[in-house]
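Following: one structure in structure tokens, then a few remarks.
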Amino acid sequence: MTGLFRCFDAAYPPATPPPGCSAVLGYIGGSRATNIWKPALWLPFQHLRQFPCWVPAMTDAPAEAGTFACRAARELGWAPNDTNVGPRVIVCDLETIEDPSWYRLWSGAVVGGGFTPVAYGSLSTIFANRAASVWVAAWDGKQDLPGGTTVHGHQYAADQPYGGTEVDYSVVDEWLYTRGGVGPRH
């Protein structure tokens with residue numbers, strides 16, 4: 001796992017991070033978000049790299065959804081440029097959705113808001129969205145990055161029991177890791 005960092009996510013986060021995880025992805029909004037993480041849910045992970053995730057429906061107006069994602073991130077205390085390497089990311093959870101026009105408009109609004117968009121979704125469909133930066137879901141148990149110059153994250157296991165809930169595990173590369181923020185959310 002050289003050069004890769006372990007990350008977890010959960011609709012309902014555990015009280016403590018799973019062992020070996022140095023990053024967390026949490027949900028900040030969107031029409032399909034199961035559970036939006038309020039500030040208190042982020043606090044146990046203030047020492048980890050944090051990635052905000054927006055979970056849209058394709059019936060949402062894409063530019064408006066991208067603007068709302070930026071606003072939600074800011075309301076949680078994240079500034080677009082609170083990393084030393086460039087704008088921090090906002091992840092768009094597309095699952096199996098293939099709609100490059102929608103994603104282009106959403107990501108344009110996120111860039112316009114000062115953040116870097118990253119598309120998350122199934123390995124079988126995510127590349128159809130033509131995203132510049134991708135986090136793939138391929139539950140193969142392999143802690144590596146599948147081929148592809150745009151792939152910066154790989155969710156390799158889902159629905160694993162931990163801390164009274166279920167978590168998903170990913171690995172992310174240094175490019176993505178350095179664009180995550182740290183610190184308490186207010």
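For the structure tokens, the naming scheme is as follows: chains receive sequential letters (A, B, ...) according to their order of presentation, residues are indexed from 1 within each chain, and ligands are indexed from 1 in presentation order.
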Original post:
Hey, what does DSSP flag as alpha helix (DSSP H) within range 21-113 of chain A? Can you give it to me as a PyMOL selection string?
Top reply: chain A and resi 39-42+62-75+100-112
Neighbouring residues of Ser170 in chain A were defined as those with any atom within 10 Å, considering only C-alpha atoms; residues of the same chain fewer than 6 positions away were excluded. Please report them as a ChimeraX atom specification. /A:4-9,21,23-25,135-139,141-145,153-158
Requested write-out: C-alpha atoms of the selected residues, as a PDB file, in the first residue's frame:
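File produced: again38.pdb:
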```
ATOM      1  CA  LEU A   4      -1.779   5.080  -0.490  1.00  0.00           C
ATOM      2  CA  PHE A   5      -3.794   6.145   2.542  1.00  0.00           C
ATOM      3  CA  ARG A   6      -6.671   4.204   4.090  1.00  0.00           C
ATOM      4  CA  CYS A   7     -10.044   5.976   4.290  1.00  0.00           C
ATOM      5  CA  PHE A   8     -13.464   4.984   5.598  1.00  0.00           C
ATOM      6  CA  ASP A   9     -17.002   6.220   5.131  1.00  0.00           C
ATOM      7  CA  CYS A  21      -7.550   4.889   8.732  1.00  0.00           C
ATOM      8  CA  ALA A  23      -8.917   9.745   6.212  1.00  0.00           C
ATOM      9  CA  VAL A  24     -12.713   9.914   6.308  1.00  0.00           C
ATOM     10  CA  LEU A  25     -15.403  10.673   3.751  1.00  0.00           C
ATOM     11  CA  TRP A 135     -12.819   7.625  -6.887  1.00  0.00           C
ATOM     12  CA  VAL A 136     -13.928   4.159  -8.024  1.00  0.00           C
ATOM     13  CA  ALA A 137     -15.976   1.568  -6.180  1.00  0.00           C
ATOM     14  CA  ALA A 138     -14.843  -1.973  -6.942  1.00  0.00           C
ATOM     15  CA  TRP A 139     -15.342  -4.240  -3.946  1.00  0.00           C
ATOM     16  CA  GLY A 141     -10.673  -6.419  -1.528  1.00  0.00           C
ATOM     17  CA  LYS A 142      -7.551  -5.072  -3.254  1.00  0.00           C
ATOM     18  CA  GLN A 143      -5.973  -2.046  -1.593  1.00  0.00           C
ATOM     19  CA  ASP A 144      -4.664  -0.557  -4.823  1.00  0.00           C
ATOM     20  CA  LEU A 145      -5.724   1.877  -7.515  1.00  0.00           C
ATOM     21  CA  GLY A 153      -9.287   6.608  -4.880  1.00  0.00           C
ATOM     22  CA  HIS A 154     -10.574   3.031  -4.718  1.00  0.00           C
ATOM     23  CA  GLN A 155     -13.340   1.795  -2.420  1.00  0.00           C
ATOM     24  CA  TYR A 156     -12.357  -1.841  -2.058  1.00  0.00           C
ATOM     25  CA  ALA A 157     -14.712  -3.100   0.703  1.00  0.00           C
ATOM     26  CA  ALA A 158     -18.268  -2.200   1.691  1.00  0.00           C
TER      27      ALA A 158
END
```
Name the residues in contact with Thr116 in chain A at a cut-off of 7 Å, using only C-alpha atoms, excluding same-chain residues fewer than 4 positions from it; report them as a list in words.
-> Pro87, Arg88, Val89, Ile90, Val110 and Val111 of chain A
Convert the current residue selection to file output with N, CA and C atoms, as a PDB file, in the first residue's frame.
```
ATOM      1  N   PRO A  87      -7.022  23.698  -4.245  1.00  0.00           N
ATOM      2  CA  PRO A  87      -8.368  23.622  -3.681  1.00  0.00           C
ATOM      3  C   PRO A  87      -8.705  22.234  -3.138  1.00  0.00           C
ATOM      4  N   ARG A  88      -9.363  22.204  -1.986  1.00  0.00           N
ATOM      5  CA  ARG A  88      -9.784  20.925  -1.416  1.00  0.00           C
ATOM      6  C   ARG A  88     -10.899  20.344  -2.264  1.00  0.00           C
ATOM      7  N   VAL A  89     -11.117  19.060  -2.128  1.00  0.00           N
ATOM      8  CA  VAL A  89     -12.096  18.372  -2.963  1.00  0.00           C
ATOM      9  C   VAL A  89     -13.480  18.347  -2.332  1.00  0.00           C
ATOM     10  N   ILE A  90     -14.462  18.245  -3.199  1.00  0.00           N
ATOM     11  CA  ILE A  90     -15.815  17.824  -2.842  1.00  0.00           C
ATOM     12  C   ILE A  90     -16.115  16.640  -3.752  1.00  0.00           C
ATOM     13  N   VAL A 110     -18.771  23.592  -8.911  1.00  0.00           N
ATOM     14  CA  VAL A 110     -17.862  23.318  -7.793  1.00  0.00           C
ATOM     15  C   VAL A 110     -16.527  24.034  -8.021  1.00  0.00           C
ATOM     16  N   VAL A 111     -16.021  23.973  -9.237  1.00  0.00           N
ATOM     17  CA  VAL A 111     -14.787  24.700  -9.564  1.00  0.00           C
ATOM     18  C   VAL A 111     -15.026  26.203  -9.385  1.00  0.00           C
TER      19      VAL A 111
END
```
**Request:** Write out as a ChimeraX atom specification each polymer residue whose atoms come within 12 Å of Ala61 in chain A, counting only C-alpha atoms; drop sequence neighbours fewer than 3 positions from it.
**Result:** /A:30-31,56-58,64-68,101-106,109
>> Counting only C-alpha atoms, which residue out of A:Phe127, A:Tyr120, A:Trp175, A:Tyr27 sits closest to Gln50 in chain A?
In response: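 Once distances to Gln50 in chain A are computed over only C-alpha atoms, the minimum belongs to A:Tyr27.
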re CA of Glu98 in chain A and CA of Trp54 in chain A: distance 16.1 Å
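For the residues A:Ser22, A:Ile126, A:Asn35, A:Ala15, ranking by smallest atom-to-atom distance to His47 in chain A using only C-alpha atoms places A:Ser22 first.
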Pairwise distance for CA of Ala119 in chain A and CA of His152 in chain A, rounded to one decimal in Å: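 Here the two named atoms are 10.0 Å from each other.
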### Message
Please return, as a ChimeraX atom specification, all residues of range 7-165 of chain A that DSSP assigns to strand (DSSP E) on the basis of the backbone.
### Response
/A:7-9,23-29,49-54,89-95,116-122,134-137,151-162,165
Counting only C-alpha atoms, the residue among A:Pro52, A:Ser122, A:Pro19, A:Cys92 that lies closest to Ala79 in chain A is A:Pro52
Pick from A:Pro13, A:Gly113, A:Gly3, A:Gly108, whichever lies nearest to Phe45 in chain A using only C-alpha atoms: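 Nearest candidate to Phe45 in chain A out of A:Pro13, A:Gly113, A:Gly3, A:Gly108: A:Pro13.
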request  = Choose the residue, out of A:Pro117, A:Pro161, A:Leu123, A:Val85, that has the smallest atom-to-atom separation from Gly147 in chain A; count only C-alpha atoms.
outcome  =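 Going through A:Pro117, A:Pro161, A:Leu123, A:Val85 one by one, the smallest distance to Gly147 in chain A is for A:Leu123.
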Taken to one decimal, the CA of Val91 in chain A-CA of Trp42 in chain A distance is 16.1 Å
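Nearest to Leu43 in chain A of all the residues A:Gly183, A:Ala131, A:Tyr177, A:Tyr162 is A:Gly183, based on only C-alpha atoms.
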Discussion item. Which residues are close to Ala72 in chain A, i.e. within 8 Å by only C-alpha atoms, leaving aside same-chain residues fewer than 4 positions away? Reply as a ChimeraX atom specification.
Written reply: /A:28-29,68,76
Put those residues in a file: N, CA and C atoms, as an mmCIF file, in the first residue's frame.
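Heads up, here's the output in part-v5.cif:
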```
data_model
loop_
_atom_site.group_PDB
_atom_site.id
_atom_site.type_symbol
_atom_site.label_atom_id
_atom_site.label_comp_id
_atom_site.auth_asym_id
_atom_site.auth_seq_id
_atom_site.Cartn_x
_atom_site.Cartn_y
_atom_site.Cartn_z
ATOM 1 N N ILE A 28 -22.334 15.590 3.246
ATOM 2 C CA ILE A 28 -22.700 16.973 3.568
ATOM 3 C C ILE A 28 -24.028 17.394 2.955
ATOM 4 N N GLY A 29 -24.642 16.542 2.139
ATOM 5 C CA GLY A 29 -25.944 16.882 1.578
ATOM 6 C C GLY A 29 -26.194 16.226 0.243
ATOM 7 N N PHE A 68 -24.835 24.398 -4.080
ATOM 8 C CA PHE A 68 -25.265 23.971 -2.743
ATOM 9 C C PHE A 68 -24.180 23.150 -2.052
ATOM 10 N N LEU A 76 -19.814 24.110 7.067
ATOM 11 C CA LEU A 76 -19.150 23.207 8.011
ATOM 12 C C LEU A 76 -17.758 23.708 8.387
#
```
